[in-house]
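Student: Here you go, target.cif (mmCIF, C-alpha atoms):
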```cif
data_structure
#
loop_
_atom_site.label_atom_id
_atom_site.label_comp_id
_atom_site.auth_asym_id
_atom_site.auth_seq_id
_atom_site.Cartn_x
_atom_site.Cartn_y
_atom_site.Cartn_z
CA GLN D 1 5.62 -1.86 -1.64
CA VAL D 2 2.50 -2.99 -3.47
CA GLN D 3 0.64 -0.29 -5.41
CA LEU D 4 -3.00 -0.79 -6.41
CA VAL D 5 -4.15 0.71 -9.71
CA GLU D 6 -7.82 0.87 -10.68
CA SER D 7 -9.16 1.22 -14.23
CA GLY D 8 -12.22 0.56 -16.36
CA GLY D 9 -14.56 3.31 -15.26
CA GLY D 10 -16.45 5.58 -17.59
CA LEU D 11 -19.78 7.07 -18.57
CA VAL D 12 -22.58 4.60 -19.21
CA GLN D 13 -26.33 4.81 -19.60
CA PRO D 14 -28.67 3.26 -17.03
CA GLY D 15 -28.87 -0.47 -17.64
CA GLY D 16 -25.39 -0.57 -19.11
CA SER D 17 -22.31 -2.49 -17.98
CA LEU D 18 -18.73 -1.80 -17.03
CA ARG D 19 -15.84 -3.99 -15.91
CA LEU D 20 -13.44 -2.53 -13.39
CA SER D 21 -9.90 -3.85 -12.94
CA CYS D 22 -7.52 -3.58 -10.02
CA VAL D 23 -3.90 -4.46 -10.63
CA ALA D 24 -1.28 -4.85 -7.93
CA SER D 25 2.00 -3.53 -9.23
CA ARG D 26 5.31 -4.45 -7.58
CA GLY D 27 3.71 -7.36 -5.81
CA SER D 28 0.53 -9.31 -5.37
CA PHE D 29 -2.57 -9.42 -3.20
CA GLY D 30 -1.06 -12.30 -1.30
CA PHE D 31 -3.46 -14.11 1.00
CA TYR D 32 -5.37 -10.94 1.88
CA ARG D 33 -9.07 -10.48 1.35
CA MET D 34 -9.53 -7.77 -1.27
CA GLY D 35 -12.42 -5.46 -1.89
CA TRP D 36 -13.98 -2.77 -4.04
CA TYR D 37 -15.02 0.41 -2.28
CA ARG D 38 -16.86 3.47 -3.55
CA GLN D 39 -17.25 7.03 -2.41
CA ALA D 40 -19.35 9.86 -3.73
CA PRO D 41 -18.46 13.48 -2.85
CA GLY D 42 -19.53 14.26 0.70
CA ASN D 43 -20.28 10.64 1.47
CA LYS D 44 -18.49 8.05 3.53
CA ARG D 45 -16.52 5.43 1.64
CA GLU D 46 -18.38 2.08 1.61
CA LEU D 47 -17.39 -1.48 0.85
CA VAL D 48 -19.23 -2.63 -2.26
CA SER D 49 -17.88 -6.15 -2.60
CA SER D 50 -15.01 -8.32 -1.38
CA ILE D 51 -13.39 -11.63 -2.23
CA GLY D 52 -11.13 -13.91 -0.26
CA ARG D 53 -8.27 -16.01 -1.51
CA ASP D 54 -10.62 -18.97 -1.06
CA GLY D 55 -13.14 -17.38 -3.40
CA SER D 56 -15.66 -16.44 -0.73
CA THR D 57 -17.54 -13.27 -1.66
CA TYR D 58 -19.52 -10.46 -0.08
CA TYR D 59 -21.82 -7.97 -1.80
CA LEU D 60 -23.50 -4.82 -0.59
CA HIS D 61 -27.24 -5.46 -0.62
CA SER D 62 -27.90 -2.78 -3.25
CA VAL D 63 -25.55 -4.39 -5.79
CA LYS D 64 -26.29 -8.06 -5.14
CA GLY D 65 -27.33 -9.81 -8.34
CA ARG D 66 -25.91 -7.02 -10.52
CA PHE D 67 -22.20 -6.95 -9.65
CA THR D 68 -19.74 -9.87 -9.74
CA ILE D 69 -16.30 -9.79 -8.14
CA SER D 70 -13.45 -12.05 -9.19
CA ARG D 71 -9.66 -12.33 -8.84
CA ASP D 72 -7.02 -14.07 -10.91
CA ASN D 73 -5.06 -16.98 -9.49
CA ASP D 74 -1.87 -15.10 -10.26
CA GLY D 75 -2.76 -12.99 -7.27
CA ASN D 76 -2.35 -9.55 -8.75
CA THR D 77 -5.57 -8.75 -10.63
CA MET D 78 -9.10 -8.30 -9.38
CA TYR D 79 -12.25 -7.41 -11.31
CA LEU D 80 -15.70 -6.04 -10.69
CA GLN D 81 -18.22 -6.79 -13.42
CA MET D 82 -21.06 -4.30 -13.06
CA ASN D 83 -24.30 -4.97 -14.94
CA ASN D 84 -27.65 -3.20 -14.99
CA LEU D 85 -26.00 -0.05 -13.69
CA LYS D 86 -28.17 2.56 -12.00
CA PRO D 87 -27.64 6.31 -11.50
CA GLU D 88 -27.08 5.68 -7.78
CA ASP D 89 -24.03 3.58 -8.69
CA THR D 90 -22.29 6.79 -9.77
CA ASN D 91 -19.15 7.01 -7.61
CA VAL D 92 -15.40 6.81 -7.62
CA TYR D 93 -14.48 3.15 -7.16
CA TYR D 94 -11.34 2.04 -5.33
CA CYS D 95 -9.75 -1.28 -4.49
CA ASN D 96 -7.98 -2.09 -1.24
CA ARG D 97 -7.51 -4.81 1.28
CA VAL D 98 -10.32 -5.74 3.64
CA PRO D 99 -10.07 -4.23 6.21
CA ASP D 100 -8.66 -1.31 4.26
CA GLU D 101 -5.20 0.09 4.84
CA ASP D 102 -4.40 3.77 4.27
CA GLU D 103 -1.18 3.11 2.39
CA TYR D 104 -2.97 1.21 -0.40
CA TRP D 105 -5.57 3.79 -1.48
CA GLY D 106 -5.06 4.67 -5.14
CA GLN D 107 -6.61 7.27 -7.42
CA GLY D 108 -9.72 5.23 -8.06
CA THR D 109 -11.75 5.09 -11.25
CA GLN D 110 -14.83 7.23 -11.89
CA VAL D 111 -18.09 5.50 -12.79
CA THR D 112 -20.88 7.75 -14.02
CA VAL D 113 -24.31 6.34 -14.83
CA SER D 114 -26.43 8.86 -16.65
CA SER D 115 -28.68 9.18 -19.65
#
```
Can I see the file as structure tokens?
Tutor:
Amino acid sequence: QVQLVESGGGLVQPGGSLRLSCVASRGSFGFYRMGWYRQAPGNKRELVSSIGRDGSTYYLHSVKGRFTISRDNDGNTMYLQMNNLKPEDTNVYYCNRVPDEDEYWGQGTQVTVSS
């Protein structure tokens, strides 16, 4: 069974950048649309960005122009380049299929934007 592992989070000042990675171990993304989600404590998990096998992309309005999603052709790595980060971007970020599937939620990676 495919396992999704997120990494790349950290503490960054407002205006800074981070690059998140999502690696599919024991398999690949296949032909599924993949996405980055985020969830702050007490909040509902939301889809931040997604990318299809054909390269089509979606961005949440609040991150459009600042975040860029990409995936490798090998089919097992996905990235989220986050620029001009804002305090409201502070969240745990997860990757999963779109629509999401319970069995693929991983531990996520914490992004904290603070001065």
Student: Do you have, as a Markdown table, the list of residues of segment 37-89 of chain D lying at most 9 Å from segment 98-105 of chain D, each with its nearest atom pair and that distance in Å to one decimal, counting only C-alpha atoms and ordered by chain then number?
Tutor:
```
| residue | atom | partner | partner_atom | distance |
| --- | --- | --- | --- | --- |
| D:Leu47 | CA | D:Val98 | CA | 8.7 |
| D:Ser50 | CA | D:Val98 | CA | 7.3 |
| D:Ile51 | CA | D:Val98 | CA | 8.9 |
```
Student: With the PyMOL selection byres ((chain D and resi 59) around 10) as the selection, what would be picked from this file? Answer as a ChimeraX atom specification, please.
Tutor: /D:35-36,47-51,57-58,60-69
Student: Residues at most 12 Å from Tyr94 of chain D, counting only C-alpha atoms, excluding those fewer than 3 positions away in the same chain, as a VMD selection string?
Tutor: chain D and resid 4 to 9 20 to 23 34 to 40 45 to 50 78 to 80 91 97 to 98 100 102 104 to 111
Student: Using only C-alpha atoms, which of the listed residues (D:Arg53, D:Val113, D:Tyr93, D:Leu85) sits closest to Ser70 of chain D?
Tutor: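 Closest to Ser70 of chain D of all the choices is D:Arg53.
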Student: I'd like to know which of D:Asn43, D:Val2, D:Arg26, D:Ser17 is closest to Lys86 of chain D, using all atoms listed in the file.
Tutor: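 For Lys86 of chain D, the nearest of the candidates is D:Ser17.
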Student: Between atom CA of Thr112 of chain D and atom CA of Leu11 of chain D, what is the distance in Å, rounded to a tenth?
Tutor: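 Atom-to-atom, atom CA of Thr112 of chain D and atom CA of Leu11 of chain D are spaced 4.7 Å apart.
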Student: Would you compute the distance between atom CA of Gly55 of chain D and atom CA of Phe31 of chain D? Give it in Å to one decimal.
Tutor: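 For atom CA of Gly55 of chain D relative to atom CA of Phe31 of chain D, the distance reads 11.1 Å.
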Student: For Arg71 of chain D, which residue among D:Ser25, D:Ser56, D:Gln3, D:Ser115 is the nearest when counting all atoms listed in the file?
Tutor: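 Among the listed residues, D:Ser56 lies closest to Arg71 of chain D.
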Student: Between atom CA of Phe29 of chain D and atom CA of Asn76 of chain D, what is the distance, to one decimal in Å?
Tutor: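 According to the coordinates, atom CA of Phe29 of chain D and atom CA of Asn76 of chain D are separated by 5.6 Å.
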Student: Out of D:Asn84, D:Asn73, D:Ser28, D:Thr90, which residue has the shortest atom-to-atom distance to Gly15 of chain D when counting all atoms listed in the file?
Tutor: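 When distances to Gly15 of chain D are compared using all atoms listed in the file, the smallest one comes from D:Asn84.
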Student: Around all the atoms of segment 66-72 of chain D listed in the file, draw an axis-aligned box and extend it by 3 Å on each of the six sides; I want its centre and edge lengths in Å to one decimal, as lines of an AutoDock Vina configuration file.
Tutor:
```
center_x = -16.5
center_y = -10.5
center_z = -9.5
size_x = 24.9
size_y = 13.1
size_z = 8.8
```
Student: Can you sort out segment 58-79 of chain D so it carries N, CA and C atoms, written as a PDB file, in the coordinates of the input?
Tutor:
```
ATOM      1  N   TYR D  58     -18.547 -11.286  -0.797  1.00  0.00           N
ATOM      2  CA  TYR D  58     -19.520 -10.460  -0.080  1.00  0.00           C
ATOM      3  C   TYR D  58     -19.988  -9.380  -1.056  1.00  0.00           C
ATOM      4  N   TYR D  59     -21.282  -9.064  -0.991  1.00  0.00           N
ATOM      5  CA  TYR D  59     -21.820  -7.970  -1.800  1.00  0.00           C
ATOM      6  C   TYR D  59     -22.708  -7.081  -0.947  1.00  0.00           C
ATOM      7  N   LEU D  60     -22.579  -5.775  -1.168  1.00  0.00           N
ATOM      8  CA  LEU D  60     -23.500  -4.820  -0.590  1.00  0.00           C
ATOM      9  C   LEU D  60     -24.899  -5.155  -1.097  1.00  0.00           C
ATOM     10  N   HIS D  61     -25.890  -5.032  -0.238  1.00  0.00           N
ATOM     11  CA  HIS D  61     -27.240  -5.460  -0.620  1.00  0.00           C
ATOM     12  C   HIS D  61     -27.712  -4.798  -1.910  1.00  0.00           C
ATOM     13  N   SER D  62     -27.381  -3.526  -2.098  1.00  0.00           N
ATOM     14  CA  SER D  62     -27.900  -2.780  -3.250  1.00  0.00           C
ATOM     15  C   SER D  62     -27.285  -3.207  -4.581  1.00  0.00           C
ATOM     16  N   VAL D  63     -26.183  -3.965  -4.544  1.00  0.00           N
ATOM     17  CA  VAL D  63     -25.550  -4.390  -5.790  1.00  0.00           C
ATOM     18  C   VAL D  63     -25.664  -5.895  -6.015  1.00  0.00           C
ATOM     19  N   LYS D  64     -26.199  -6.598  -5.043  1.00  0.00           N
ATOM     20  CA  LYS D  64     -26.290  -8.060  -5.140  1.00  0.00           C
ATOM     21  C   LYS D  64     -27.139  -8.437  -6.351  1.00  0.00           C
ATOM     22  N   GLY D  65     -26.625  -9.382  -7.140  1.00  0.00           N
ATOM     23  CA  GLY D  65     -27.330  -9.810  -8.340  1.00  0.00           C
ATOM     24  C   GLY D  65     -26.976  -9.004  -9.573  1.00  0.00           C
ATOM     25  N   ARG D  66     -26.301  -7.866  -9.381  1.00  0.00           N
ATOM     26  CA  ARG D  66     -25.910  -7.020 -10.520  1.00  0.00           C
ATOM     27  C   ARG D  66     -24.398  -6.977 -10.699  1.00  0.00           C
ATOM     28  N   PHE D  67     -23.665  -7.038  -9.598  1.00  0.00           N
ATOM     29  CA  PHE D  67     -22.200  -6.950  -9.650  1.00  0.00           C
ATOM     30  C   PHE D  67     -21.607  -8.340  -9.355  1.00  0.00           C
ATOM     31  N   THR D  68     -20.466  -8.628  -9.988  1.00  0.00           N
ATOM     32  CA  THR D  68     -19.740  -9.870  -9.740  1.00  0.00           C
ATOM     33  C   THR D  68     -18.271  -9.564  -9.551  1.00  0.00           C
ATOM     34  N   ILE D  69     -17.719 -10.000  -8.438  1.00  0.00           N
ATOM     35  CA  ILE D  69     -16.300  -9.790  -8.140  1.00  0.00           C
ATOM     36  C   ILE D  69     -15.525 -11.053  -8.460  1.00  0.00           C
ATOM     37  N   SER D  70     -14.300 -10.902  -8.921  1.00  0.00           N
ATOM     38  CA  SER D  70     -13.450 -12.050  -9.190  1.00  0.00           C
ATOM     39  C   SER D  70     -11.986 -11.631  -9.048  1.00  0.00           C
ATOM     40  N   ARG D  71     -11.104 -12.608  -8.928  1.00  0.00           N
ATOM     41  CA  ARG D  71      -9.660 -12.330  -8.840  1.00  0.00           C
ATOM     42  C   ARG D  71      -8.925 -13.448  -9.562  1.00  0.00           C
ATOM     43  N   ASP D  72      -7.811 -13.092 -10.194  1.00  0.00           N
ATOM     44  CA  ASP D  72      -7.020 -14.070 -10.910  1.00  0.00           C
ATOM     45  C   ASP D  72      -6.184 -14.895  -9.936  1.00  0.00           C
ATOM     46  N   ASN D  73      -5.879 -16.109 -10.335  1.00  0.00           N
ATOM     47  CA  ASN D  73      -5.060 -16.980  -9.490  1.00  0.00           C
ATOM     48  C   ASN D  73      -3.629 -16.491  -9.404  1.00  0.00           C
ATOM     49  N   ASP D  74      -3.242 -15.600 -10.348  1.00  0.00           N
ATOM     50  CA  ASP D  74      -1.870 -15.100 -10.260  1.00  0.00           C
ATOM     51  C   ASP D  74      -1.690 -14.157  -9.076  1.00  0.00           C
ATOM     52  N   GLY D  75      -2.817 -13.758  -8.505  1.00  0.00           N
ATOM     53  CA  GLY D  75      -2.760 -12.990  -7.270  1.00  0.00           C
ATOM     54  C   GLY D  75      -2.513 -11.525  -7.426  1.00  0.00           C
ATOM     55  N   ASN D  76      -2.589 -10.984  -8.653  1.00  0.00           N
ATOM     56  CA  ASN D  76      -2.350  -9.550  -8.750  1.00  0.00           C
ATOM     57  C   ASN D  76      -3.377  -8.799  -9.566  1.00  0.00           C
ATOM     58  N   THR D  77      -4.502  -9.434  -9.894  1.00  0.00           N
ATOM     59  CA  THR D  77      -5.570  -8.750 -10.630  1.00  0.00           C
ATOM     60  C   THR D  77      -6.921  -9.119 -10.053  1.00  0.00           C
ATOM     61  N   MET D  78      -7.746  -8.101  -9.880  1.00  0.00           N
ATOM     62  CA  MET D  78      -9.100  -8.300  -9.380  1.00  0.00           C
ATOM     63  C   MET D  78     -10.063  -7.521 -10.269  1.00  0.00           C
ATOM     64  N   TYR D  79     -11.273  -8.033 -10.420  1.00  0.00           N
ATOM     65  CA  TYR D  79     -12.250  -7.410 -11.310  1.00  0.00           C
ATOM     66  C   TYR D  79     -13.567  -7.179 -10.581  1.00  0.00           C
TER      67      TYR D  79
END
```
